[in-house]
Structure formats: C-alpha cells, structure tokens
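What's in target.txt: compact mmCIF, C-alpha atoms
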# COMPACT_ATOMS: atom_id res chain seq x y z
CA MET L 14 5.44 13.66 53.04
CA GLU L 15 2.62 15.86 51.95
CA ASP L 16 0.38 14.51 49.22
CA ASN L 17 1.09 17.20 46.73
CA ILE L 18 4.89 17.22 46.93
CA ILE L 19 7.12 15.01 44.82
CA LYS L 20 10.85 14.50 45.03
CA ILE L 21 13.08 14.74 41.99
CA GLU L 22 16.75 13.86 41.74
CA VAL L 23 18.67 16.15 39.42
CA GLU L 24 22.20 15.61 38.16
CA ASP L 25 23.74 18.91 37.12
CA ARG L 26 26.42 19.32 34.45
CA SER L 27 29.24 18.82 36.91
CA GLY L 28 27.73 15.50 37.95
CA GLU L 29 26.54 16.78 41.33
CA LEU L 30 23.21 15.41 42.54
CA HIS L 31 20.46 17.66 43.88
CA LEU L 32 17.37 16.34 45.58
CA ILE L 33 14.62 18.85 44.97
CA GLU L 34 10.94 18.94 45.82
CA GLY L 35 8.12 20.25 43.74
CA PRO L 36 4.38 20.71 44.23
CA THR L 37 2.00 18.91 41.89
CA ASP L 38 -0.95 21.23 42.44
CA MET L 39 0.49 24.45 41.04
CA ASN L 40 0.44 23.61 37.35
CA LEU L 41 4.23 23.69 37.19
CA ASN L 42 6.44 22.02 34.65
CA LEU L 43 9.82 20.46 35.24
CA MET L 44 11.74 23.39 33.70
CA GLU L 45 10.06 25.81 36.09
CA ILE L 46 10.90 23.77 39.16
CA LEU L 47 14.52 23.31 38.01
CA LYS L 48 14.83 27.07 37.60
CA ALA L 49 13.13 27.72 40.93
CA HIS L 50 15.90 25.67 42.54
CA GLU L 51 18.48 27.77 40.71
CA LEU L 52 19.68 24.88 38.61
CA ASP L 53 21.32 26.03 35.42
CA VAL L 54 18.46 25.72 32.96
CA GLU L 55 17.88 28.51 30.48
CA GLY L 56 14.21 28.11 29.51
CA THR L 57 14.53 31.01 27.09
CA CYS L 58 11.10 30.81 25.52
CA GLY L 59 9.36 30.52 28.88
CA GLY L 60 7.98 27.04 28.32
CA MET L 61 6.38 27.01 24.88
CA ALA L 62 8.62 24.27 23.42
CA LEU L 63 10.10 26.90 21.18
CA CYS L 64 13.77 27.07 22.07
CA ALA L 65 15.28 23.75 23.24
CA SER L 66 17.19 25.46 26.05
CA CYS L 67 15.70 23.24 28.77
CA HIS L 68 16.88 19.95 27.26
CA CYS L 69 17.35 17.18 29.83
CA TYR L 70 17.64 13.41 30.05
CA ILE L 71 15.19 11.28 32.00
CA ASN L 72 17.17 8.59 33.79
CA SER L 73 14.41 6.70 35.57
CA ASN L 74 11.70 4.43 34.26
CA HIS L 75 8.79 6.77 34.89
CA GLN L 76 6.03 6.66 32.31
CA LEU L 77 5.90 10.11 30.73
CA ALA L 78 3.46 11.35 28.16
CA GLU L 79 5.12 11.03 24.75
CA ALA L 80 6.84 14.05 23.28
CA SER L 81 4.64 16.01 20.90
CA GLU L 82 5.69 16.69 17.33
CA ASP L 83 6.47 20.28 18.38
CA GLU L 84 8.77 19.04 21.10
CA GLU L 85 10.53 16.65 18.70
CA ASP L 86 10.96 19.48 16.22
CA MET L 87 12.60 21.62 18.87
CA LEU L 88 14.81 18.78 20.04
CA ASP L 89 16.25 18.92 16.52
CA GLN L 90 17.89 22.17 17.58
CA ALA L 91 19.40 20.66 20.70
CA PHE L 92 22.67 18.78 20.86
CA PHE L 93 23.59 15.33 22.15
CA VAL L 94 19.97 14.23 21.91
CA GLU L 95 19.41 10.69 23.19
CA ASP L 96 16.40 8.39 23.35
CA ASN L 97 15.69 9.68 26.85
CA SER L 98 15.95 13.35 25.84
CA ARG L 99 13.09 15.67 26.69
CA LEU L 100 12.38 19.35 26.94
CA SER L 101 11.76 19.80 30.63
CA CYS L 102 9.19 22.54 30.00
CA GLN L 103 6.92 19.94 28.41
CA ILE L 104 6.81 17.69 31.48
CA ARG L 105 4.10 18.60 33.95
CA LEU L 106 4.77 17.82 37.58
CA GLU L 107 2.41 15.02 38.58
CA LYS L 108 2.23 12.59 41.47
CA SER L 109 3.32 9.74 39.22
CA LEU L 110 6.66 11.47 38.74
CA ASP L 111 7.73 11.10 42.37
CA GLY L 112 11.34 9.89 42.41
CA LEU L 113 12.02 11.08 38.86
CA LYS L 114 15.70 11.16 37.92
CA VAL L 115 16.75 13.95 35.61
CA LYS L 116 20.10 14.90 34.14
CA LEU L 117 20.74 18.31 32.61
CA ALA L 118 21.94 18.12 28.99
CA PRO L 119 25.16 19.85 27.95
CA VAL L 120 25.00 23.40 26.66
CA SER L 121 27.39 25.36 24.49
CA ASP L 122 29.06 28.55 25.72
CA MET I 26 27.79 58.89 12.09
CA ILE I 27 24.15 58.69 13.11
CA SER I 28 23.12 61.23 15.73
CA THR I 29 20.03 60.79 17.88
CA ASP I 30 18.61 61.45 21.35
CA ILE I 31 18.19 57.88 22.54
CA ALA I 32 20.12 54.98 21.06
CA ILE I 33 18.06 51.88 21.76
CA ILE I 34 19.81 48.54 21.72
CA GLY I 35 17.23 45.91 20.86
CA ALA I 36 14.21 46.34 18.59
CA GLY I 37 11.90 44.03 20.51
CA PRO I 38 8.53 45.20 21.85
CA CYS I 39 10.11 47.15 24.67
CA GLY I 40 12.64 48.94 22.46
CA LEU I 41 9.93 49.74 19.93
CA PHE I 42 7.54 51.19 22.51
CA THR I 43 10.36 53.35 23.87
CA VAL I 44 10.23 55.23 20.55
CA PHE I 45 6.61 56.15 21.21
CA GLU I 46 7.11 57.38 24.77
CA ALA I 47 10.28 59.22 23.77
CA GLY I 48 8.46 60.73 20.81
CA LEU I 49 5.81 62.23 23.09
CA LEU I 50 8.68 64.13 24.75
CA LYS I 51 10.09 65.10 21.32
CA LEU I 52 13.07 62.81 21.73
CA LYS I 53 14.29 60.97 18.65
CA CYS I 54 15.37 57.33 18.66
CA HIS I 55 17.62 55.03 16.69
CA LEU I 56 17.36 51.27 17.19
CA ILE I 57 20.07 48.65 16.79
CA ASP I 58 19.28 44.94 16.57
CA ALA I 59 21.28 41.84 15.76
CA LEU I 60 18.38 40.30 13.87
CA PRO I 61 17.53 41.39 10.33
CA GLN I 62 13.93 42.16 11.36
CA VAL I 63 12.29 44.06 14.22
CA GLY I 64 10.29 42.40 17.01
CA GLY I 65 12.99 40.47 18.85
CA GLN I 66 11.81 37.17 20.32
CA LEU I 67 8.26 37.87 19.16
CA SER I 68 9.32 37.77 15.52
CA GLU I 69 12.15 35.27 15.84
CA ILE I 70 10.76 32.69 18.25
CA TYR I 71 6.99 32.89 18.41
CA PRO I 72 5.33 35.17 15.81
CA LYS I 73 2.26 32.92 15.55
CA LYS I 74 1.70 32.48 19.29
CA PRO I 75 -1.11 34.41 20.96
CA ILE I 76 -0.25 36.67 23.89
CA TYR I 77 -3.03 37.10 26.45
CA ASP I 78 -1.66 39.67 28.88
CA ILE I 79 -1.34 42.82 26.83
CA PRO I 80 -3.81 45.23 28.46
CA GLY I 81 -6.78 45.88 26.22
CA TYR I 82 -6.08 42.89 23.98
CA PRO I 83 -7.80 39.69 25.15
CA SER I 84 -5.53 37.92 22.68
CA ILE I 85 -3.03 39.12 20.10
CA LEU I 86 -0.53 37.21 17.98
CA ALA I 87 3.05 38.15 18.79
CA GLY I 88 3.66 39.09 15.16
CA GLU I 89 0.58 41.34 15.17
CA LEU I 90 1.75 43.10 18.31
CA VAL I 91 5.02 43.92 16.55
CA ASP I 92 3.14 45.21 13.49
CA ASN I 93 0.94 47.35 15.73
CA LEU I 94 3.93 48.78 17.58
CA MET I 95 5.58 49.68 14.27
CA GLU I 96 2.38 51.48 13.26
CA GLN I 97 2.19 53.23 16.62
CA ILE I 98 5.76 54.56 16.44
CA ALA I 99 5.75 55.45 12.74
CA PRO I 100 4.89 59.14 13.39
CA PHE I 101 8.17 59.49 15.28
CA ASN I 102 10.33 58.33 12.36
CA PRO I 103 12.60 55.92 14.19
CA THR I 104 15.70 54.84 12.32
CA PHE I 105 17.26 51.39 12.46
CA SER I 106 20.55 49.54 12.24
CA LEU I 107 19.36 45.97 11.75
CA ALA I 108 21.42 42.78 11.46
CA GLN I 109 24.08 44.55 13.50
CA ARG I 110 25.27 43.89 16.99
CA ALA I 111 26.22 46.74 19.31
CA GLU I 112 29.85 45.95 20.13
CA SER I 113 31.24 48.80 22.18
CA ILE I 114 30.40 52.11 23.80
CA GLU I 115 32.67 55.05 24.40
CA LYS I 116 32.06 58.35 26.12
CA THR I 117 32.74 61.56 24.21
CA ASP I 118 34.07 64.86 25.55
CA ASP I 119 30.64 66.46 25.20
CA ASP I 120 29.10 63.87 27.55
CA GLN I 121 27.56 61.72 24.85
CA TYR I 122 28.02 58.10 23.90
CA ILE I 123 29.15 56.55 20.67
CA ILE I 124 28.00 53.02 20.04
CA THR I 125 29.92 51.06 17.43
CA THR I 126 28.30 48.05 15.80
CA ASN I 127 30.03 44.94 14.50
CA LYS I 128 29.62 46.36 11.00
CA GLY I 129 31.40 49.54 11.98
CA GLU I 130 28.34 51.78 12.08
CA LYS I 131 28.55 54.50 14.73
CA ILE I 132 25.60 55.94 16.60
CA LYS I 133 26.01 59.01 18.79
CA ALA I 134 23.51 59.81 21.55
CA PRO I 135 23.42 61.32 25.04
CA VAL I 136 21.33 58.39 26.28
CA ILE I 137 21.54 54.65 25.67
CA ALA I 138 18.57 52.43 26.42
CA ILE I 139 19.47 48.76 26.50
CA ALA I 140 16.33 46.82 25.66
CA GLY I 141 18.23 43.74 24.66
CA GLY I 142 15.88 41.06 25.94
CA LEU I 143 17.91 37.92 26.49
CA GLY I 144 20.77 39.23 24.41
CA SER I 145 21.49 39.16 20.72
CA PHE I 146 20.46 36.15 18.68
CA GLU I 147 23.41 34.13 17.50
CA PRO I 148 23.82 30.75 15.85
CA ARG I 149 23.47 27.87 18.26
CA LYS I 150 26.84 26.17 18.55
CA PRO I 151 27.15 22.45 19.23
CA PRO I 152 28.95 21.75 22.53
CA ILE I 153 31.46 19.47 20.80
CA GLU I 154 34.86 19.40 22.44
CA GLY I 155 37.52 21.30 20.52
CA LEU I 156 35.02 22.65 17.99
CA SER I 157 35.58 26.37 18.53
CA LYS I 158 39.18 26.36 17.29
CA TYR I 159 37.96 25.49 13.80
CA GLU I 160 35.70 28.54 13.44
CA ASP I 161 36.35 29.91 9.96
CA LYS I 162 38.84 27.07 9.51
CA GLY I 163 36.40 24.58 8.12
CA LEU I 164 33.57 25.37 10.55
CA TYR I 165 30.89 27.85 9.57
CA TYR I 166 27.67 28.80 11.34
CA MET I 167 26.55 31.14 8.63
CA ILE I 168 26.84 31.18 4.89
CA ARG I 169 27.69 34.56 3.48
CA ASP I 170 28.94 33.52 0.06
CA PRO I 171 27.96 30.06 -1.21
CA GLU I 172 30.84 30.25 -3.71
CA GLN I 173 33.36 29.78 -0.91
CA PHE I 174 32.19 26.17 -0.77
CA ARG I 175 32.68 25.41 -4.46
CA ASP I 176 34.09 21.93 -5.15
CA GLN I 177 34.37 21.19 -1.44
CA LYS I 178 33.31 18.24 0.64
CA ILE I 179 30.59 19.67 2.86
CA LEU I 180 28.73 18.33 5.85
CA ILE I 181 25.54 20.12 6.88
CA ALA I 182 23.90 19.21 10.19
CA GLY I 183 20.34 20.07 11.16
CA GLY I 184 16.74 19.35 10.26
CA GLY I 185 15.06 22.72 9.92
CA ASP I 186 14.49 25.14 7.09
CA SER I 187 17.96 26.63 6.98
CA ALA I 188 19.62 23.18 6.87
CA LEU I 189 17.29 22.09 4.07
CA ASP I 190 17.52 25.33 2.09
CA TRP I 191 21.29 25.39 2.16
CA THR I 192 21.47 21.71 1.28
CA ILE I 193 19.45 22.44 -1.85
CA GLU I 194 21.46 25.54 -2.70
CA LEU I 195 24.88 23.99 -2.10
CA ALA I 196 24.09 20.65 -3.76
CA ASP I 197 25.15 22.08 -7.14
CA ILE I 198 28.18 23.91 -5.80
CA ALA I 199 29.79 21.28 -3.58
CA ALA I 200 31.89 18.38 -4.78
CA GLU I 201 30.22 16.19 -2.17
CA LEU I 202 27.47 17.15 0.22
CA THR I 203 26.24 15.18 3.20
CA LEU I 204 23.27 16.16 5.33
CA ILE I 205 22.96 14.61 8.76
CA HIS I 206 19.90 14.84 10.94
CA ARG I 207 18.89 13.36 14.27
CA ARG I 208 15.57 11.95 13.06
CA SER I 209 14.20 10.49 9.86
CA SER I 210 11.60 13.24 9.57
CA PHE I 211 12.34 16.92 8.95
CA ARG I 212 10.53 19.93 10.35
CA GLY I 213 11.14 22.23 7.37
CA ALA I 214 8.77 23.37 4.66
CA LEU I 215 7.23 20.42 2.82
CA ASP I 216 8.54 21.24 -0.65
CA SER I 217 12.10 21.67 0.69
CA VAL I 218 11.84 18.27 2.38
CA GLU I 219 10.68 16.73 -0.91
CA LYS I 220 13.50 18.38 -2.84
CA VAL I 221 16.15 17.18 -0.40
CA LYS I 222 14.73 13.66 -0.54
CA SER I 223 14.87 13.60 -4.32
CA LEU I 224 18.44 14.95 -4.28
CA SER I 225 19.32 12.11 -1.96
CA GLU I 226 17.54 9.49 -4.06
CA SER I 227 19.28 10.64 -7.23
CA GLY I 228 22.64 10.36 -5.46
CA LYS I 229 23.38 14.07 -5.74
CA ILE I 230 23.76 14.33 -1.97
CA SER I 231 24.17 11.81 0.84
CA MET I 232 21.65 11.93 3.61
CA ILE I 233 22.37 10.32 6.95
CA THR I 234 19.42 10.35 9.31
CA GLU I 235 19.13 9.23 12.92
CA ALA I 236 22.67 10.46 13.43
CA GLN I 237 24.40 13.34 15.19
CA ALA I 238 27.78 14.99 14.95
CA VAL I 239 29.59 14.32 18.22
CA GLY I 240 33.27 14.99 17.55
CA VAL I 241 35.73 16.80 15.31
CA LEU I 242 39.17 15.89 14.02
CA GLY I 243 41.82 18.03 12.41
CA ASN I 244 45.01 19.97 12.87
CA GLU I 245 45.22 23.52 11.61
CA LYS I 246 41.99 23.01 9.71
CA LEU I 247 38.96 20.87 10.37
CA GLU I 248 39.44 17.58 8.54
CA ALA I 249 36.71 15.22 9.65
CA VAL I 250 33.55 15.08 11.74
CA ASN I 251 32.74 12.11 13.92
CA VAL I 252 29.14 11.06 13.55
CA LYS I 253 27.30 8.79 15.90
CA MET I 254 24.38 6.80 14.56
CA LYS I 255 21.34 5.97 16.63
CA ASN I 256 22.18 2.26 16.35
CA GLY I 257 25.46 2.95 18.13
CA GLU I 258 27.72 2.86 15.08
CA SER I 259 30.12 5.69 14.60
CA LEU I 260 31.87 6.97 11.51
CA ASN I 261 34.22 9.75 10.51
CA ILE I 262 33.17 11.89 7.58
CA LYS I 263 35.99 13.71 5.80
CA VAL I 264 35.11 17.35 5.22
CA ASP I 265 36.45 20.59 3.90
CA SER I 266 33.61 22.42 5.59
CA PHE I 267 31.19 21.59 8.39
CA ILE I 268 28.08 23.74 8.62
CA PRO I 269 25.95 23.13 11.74
CA LEU I 270 22.55 24.82 11.35
CA PHE I 271 20.63 24.54 14.62
CA GLY I 272 18.81 27.82 14.77
CA LEU I 273 19.56 30.91 16.83
CA THR I 274 19.89 31.42 20.54
CA PRO I 275 20.20 34.66 22.51
CA LYS I 276 23.53 35.59 24.13
CA LEU I 277 24.29 38.62 26.29
CA GLY I 278 27.44 39.21 24.22
CA PRO I 279 29.62 42.33 24.43
CA ILE I 280 27.20 44.20 26.74
CA ALA I 281 28.73 42.14 29.55
CA ASP I 282 31.99 44.11 29.10
CA TRP I 283 30.55 47.62 29.31
CA GLY I 284 31.16 48.13 33.02
CA LEU I 285 27.53 47.61 33.98
CA ASN I 286 26.53 45.81 37.15
CA ILE I 287 25.36 42.42 35.97
CA GLU I 288 23.73 39.70 38.00
CA ARG I 289 23.03 36.35 36.37
CA SER I 290 23.09 37.74 32.82
CA ALA I 291 20.75 40.63 33.71
CA ILE I 292 21.62 44.31 34.21
CA GLU I 293 20.92 45.75 37.65
CA VAL I 294 18.81 48.91 37.59
CA ASP I 295 17.28 51.43 39.95
CA THR I 296 13.49 51.10 39.71
CA TYR I 297 13.13 54.87 40.10
CA ASP I 298 14.04 55.34 36.45
CA TYR I 299 15.60 52.05 35.27
CA SER I 300 19.03 53.63 35.20
CA THR I 301 22.12 51.44 35.45
CA ASN I 302 25.26 52.18 37.43
CA VAL I 303 26.60 54.03 34.36
CA LYS I 304 25.12 57.53 33.98
CA GLY I 305 23.11 57.93 30.79
CA VAL I 306 22.77 54.19 30.27
CA TYR I 307 19.39 52.65 31.06
CA ALA I 308 18.20 49.06 30.85
CA ILE I 309 14.58 48.07 30.31
CA GLY I 310 12.60 44.90 29.63
CA ASP I 311 13.82 41.34 30.01
CA ILE I 312 17.47 42.35 30.17
CA ASN I 313 17.23 44.19 33.50
CA THR I 314 16.80 42.93 37.02
CA TYR I 315 15.56 44.45 40.27
CA PRO I 316 13.74 43.15 43.33
CA GLY I 317 10.37 41.87 42.17
CA LYS I 318 11.30 41.81 38.48
CA LEU I 319 8.88 40.05 36.16
CA LYS I 320 9.87 39.38 32.57
CA LEU I 321 6.65 40.55 30.96
CA ILE I 322 6.10 42.72 27.91
CA LEU I 323 3.67 44.90 29.82
CA CYS I 324 6.23 45.52 32.56
CA GLY I 325 8.77 46.47 29.90
CA PHE I 326 6.33 49.04 28.51
CA HIS I 327 6.01 50.59 31.96
CA GLU I 328 9.77 50.64 32.42
CA ALA I 329 10.24 52.32 29.02
CA THR I 330 7.71 55.00 29.94
CA LEU I 331 9.39 55.95 33.19
CA MET I 332 12.84 55.67 31.67
CA VAL I 333 12.27 58.30 28.98
CA GLN I 334 11.12 60.82 31.61
CA SER I 335 14.48 60.46 33.29
CA ALA I 336 16.30 60.51 29.95
CA PHE I 337 14.62 63.81 29.10
CA LYS I 338 15.81 65.40 32.33
CA LEU I 339 19.31 64.14 31.67
CA ILE I 340 19.37 65.55 28.13
CA TYR I 341 17.64 68.84 29.02
CA PRO I 342 18.51 69.51 32.66
CA ASP I 343 17.26 73.10 32.47
CA GLN I 344 13.91 72.42 30.86
CA LYS I 345 10.83 71.75 32.86
CA LEU I 346 8.90 68.72 31.73
CA SER I 347 5.15 68.98 32.13
CA PHE I 348 3.40 65.69 31.75
CA LYS I 349 0.59 65.56 29.21
CA TYR I 350 -1.99 62.92 28.40
CA THR I 351 -2.29 61.76 24.79
CA THR I 352 -6.06 61.93 25.21
CA VAL I 353 -5.71 65.69 25.70
CA THR I 354 -2.94 66.56 23.28
CA GLY I 355 -3.14 63.75 20.73
CA VAL I 356 0.02 62.41 19.14
CA SER I 357 1.95 64.80 16.99
CA GLY I 358 4.73 63.11 15.13
CA PHE I 359 7.94 64.51 13.73
CA ASN I 360 7.89 66.09 10.33
CA ASN I 361 11.07 64.68 8.98

Kindly transcribe the structure held in the file into structure tokens.
Amino acid sequence: MEDNIIKIEVEDRSGELHLIEGPTDMNLNLMEILKAHELDVEGTCGGMALCASCHCYINSNHQLAEASEDEEDMLDQAFFVEDNSRLSCQIRLEKSLDGLKVKLAPVSD
Amino acid sequence: MISTDIAIIGAGPCGLFTVFEAGLLKLKCHLIDALPQVGGQLSEIYPKKPIYDIPGYPSILAGELVDNLMEQIAPFNPTFSLAQRAESIEKTDDDQYIITTNKGEKIKAPVIAIAGGLGSFEPRKPPIEGLSKYEDKGLYYMIRDPEQFRDQKILIAGGGDSALDWTIELADIAAELTLIHRRSSFRGALDSVEKVKSLSESGKISMITEAQAVGVLGNEKLEAVNVKMKNGESLNIKVDSFIPLFGLTPKLGPIADWGLNIERSAIEVDTYDYSTNVKGVYAIGDINTYPGKLKLILCGFHEATLMVQSAFKLIYPDQKLSFKYTTVTGVSGFNN
C-alpha cells in the first residue's frame, strides 16, 4: 500500500459495509472522502462545523483530536448523539487513522 | 397578484445578484424566500465567516457580502416575499407562470429563476420512529402562538437560542415545562442560559441534561416522550406538547414536483443559458447541476449573468439586445 493512502471501513445506514481509501496528503477531511465515495452524507455547510449534517459514529479505538467547542455546539443540533459521535468534516485524514471504522448517523427525511 | 419580469426563488447571493444583472437589461425582479431575511445560507448559517474567493475581495464576511449585494441591487427596486415557500407553479394562457407560495401569495412572471441553494430552510426533525404522525397533534416544530400551550405539560428539546428563549417565554404559560438537552452546557446567549438555570433552580421548570428524546408514545395524540439519559437510564415524560428545537436544515421541498429534471437533489441545466427542461424556468447557483459544476458563489454570479441574457430574449423575442459595459453606461436604476 502506498504511504499516503489509508483505508476506512464505513457502515452505511442500511448496515452495508464499504471499504474506502483516502489520501492523507490532500488536506481532506472525513466528510469529503465519504462524499467522494458517494456515501450518503450531506455536508451542507461544506465543512465549517456549522450544520451537523455529516454526523457519524467512530467505532474503532483510534485516537482522534478532541471535538472543539464549535463541534460540540453543532452536535447539539444532531440526533441520536452518542459518546462516539463526531462531525466527519472535523476529522482530518491522517496516517494514524488507517483502519478507522465509521458508521453514518441516522438522518430525518 | 404581483407581476414582474423574473420571479426569483431564493434570496441568497445568487438570487440577489440576478436582480442586478436583470436590472441592467431593464428587467424587474421579485424574490421569494422561505427565510424571514435575505442572504440564504450566508445569513442563516455563517454570517460571521469570512469568504476568500469573491473576486476583488481578499476577504469579506458572509453577512457583509449580503449587505453589499442589497446595496448593489437597490437601484433596481426588487420586491420580496420573505418567510414564504414557493409551493407550486402553473402556466397561464399568455405563456407566463404563476407561482403560489405557502401563504397564498401569487407572483406572475414570464420567467422563473430558481436560485434555491440547497432548498428551503425548514426545522430539523428528529429521526424518531413514528414521530411524524403526531405533527400538530402534540408535536410542534415552530411556535406561532404561545397561548396554544397555556396550562399544558410541555417538553422542549434542544440547547440553542431558540430552545432557551422559548423555555423562558413558555415557563409562565405552561402548567409544567421540561427542557432536555444532550449536554450540561448550552450554546445559547449567556443571559438566556443564566435565566433558564435560575428558572430550574427555583423549580419553575425541570431541566434534564445529558439526555435525548429517543421515542414517542401515544394514540391519536402524542402522550409521552421516551428520554434516554447518558447513564443509560430511560424514562417516559408525559406531555401535552413536545417541541423539538434543533435549528433549520435545507430541503428541496415542492420544487421536486415541478416536472424538472432532477439528479441527486439538483436541477439539471444547459450550460448555454442555465435553462432547465421546462421552457422559461432557469436554475442557477448551488441548486443546479451540470458537468463540471462547482458550488461556488462566484460561479453562481456567472450563471446569473448569462441566464438573464437568455431570459431577455425569451421575454422580448423581437428586440435586439446589445451588450453594454457598466463602465461605459453606468448603472441607471428604475424610478419607481
């Protein structure tokens, strides 16, 4: 595997697993790579932690930078928020995230 | 009935700039927007965020860009239907369209420009199973008349300004009021947070933090809300009314039913003039899609500019349009 590619396992809302790959040297965040793989993530605000439409759960033990106060504030507008809830737009793709397991959070119609 | 040349759906940056470009061609515009203020996402989501890719502005706050656009289009006297959602369109015998809003306002125009961004902003609805059947039967996303909640048992969910403000306002009206919030801290204005805390301490309201509504119970009417605490406990709170206040989110809404070609919530257009498959209906800005589409304000401005040229030819097929630079002719507004 190339140095700058990490693998991420994504569980979509129907429970189906997708193994996707993302580059770590393009300044991408998790929301962007989920969208690039046509997974059903809204990302309305474009990645500014201003809309909560990229809410996901982190299901592996990777050490992530803690959520900022802005991110926590926005998570208040999301539903079914758990301890492992994050806004995917606030997670930068880095080498240490190889093997990350992500589950998309439920959305309303 | 309001009569205009171009009925613009969406008063975001792209819709606003359309007024300017249309005005240069002496076309009048009327704008419709679901939000009570102009500016779309820029006003609703990120007014204080700087934008760095508006040509000629190394940096400009989103809110300032909206103010500037309003100043720029003022000479062309645009008119507005705000806090109204465009519901339906119908074609008239004289080849015009009539748009009807959810408040019953009618706007007649030969050309419709849909500049709807990501759709109209609507209350964010919790994805709780079975919730939707209680809408207006004990479940409310908006408060029109606080009096309707007099002497009721009310549950408000949320941690932002609207949840706090309504908690304060309804505390005196309700028989019992409970506020639930996911965290122990609130993101609302400091004095509202203090007020809500003192209401809770004096026993006027109940506040349950680190908890979320996860289920609903009832028959014809909503009767109770199931709340799950962070520590795993769960309880049912009896309610007459449940008011979830989780902000607004954009939805494509009724536009989806207007016979337009839609791909993944975006309207397909011809990049020649940003026309849709329906003659006289154009789509510009974030709401359209075409090969190579980028959702950028500056691209929306370009699309608006080309679109009004085509709109002019559609409205005045016999008139020749000679293109003029504003540097040569200046900007002459409308007198009324």

Report, in Å to a single decimal, how far apart atom CA of Lys276 of chain I and atom CA of Lys150 of chain I are.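 Atom CA of Lys150 of chain I sits 11.4 Å away from atom CA of Lys276 of chain I.
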
Enumerate as a ChimeraX atom specification the residues belonging to chain L that approach chain I to within 10 Å, with all atoms listed in the file taken into account. /L:57-59,61,63-66,82-83,85-96,119-122

Within 8 Å of segment 219-233 of chain I, counting all atoms listed in the file, which residues qualify if same-chain residues fewer than 2 places away don't, as a ChimeraX atom specification? /I:189,192-193,196,201-206,215-217,235-236

Kindly save the residues from that selection, with C-alpha atoms included, as a tab-separated table (two decimals), in the coordinates of the input.
chain	number	residue	atom	x	y	z
I	189	LEU	CA	17.29	22.09	4.07
I	192	THR	CA	21.47	21.71	1.28
I	193	ILE	CA	19.45	22.44	-1.85
I	196	ALA	CA	24.09	20.65	-3.76
I	201	GLU	CA	30.22	16.19	-2.17
I	202	LEU	CA	27.47	17.15	0.22
I	203	THR	CA	26.24	15.18	3.20
I	204	LEU	CA	23.27	16.16	5.33
I	205	ILE	CA	22.96	14.61	8.76
I	206	HIS	CA	19.90	14.84	10.94
I	215	LEU	CA	7.23	20.42	2.82
I	216	ASP	CA	8.54	21.24	-0.65
I	217	SER	CA	12.10	21.67	0.69
I	235	GLU	CA	19.13	9.23	12.92
I	236	ALA	CA	22.67	10.46	13.43

Nearby residues (only C-alpha atoms) at most 12 Å from Glu29 of chain L, same-chain spacing under 6 positions excluded, as a list in words: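 What passes the distance filter is Glu22, Val23, Leu52, Val115, Lys116 and Leu117 of chain L.
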
Atomic distance atom CA of Ser335 of chain I - atom CA of Pro135 of chain I, expressed in Å with one decimal: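 Spanning atom CA of Ser335 of chain I to atom CA of Pro135 of chain I is a straight-line distance of 12.2 Å.
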
Of the listed residues L:Lys108, L:His50, L:His75, L:Arg99, that which approaches Asp25 of chain L most closely, counting only C-alpha atoms: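 Smallest distance to Asp25 of chain L is found for L:His50.
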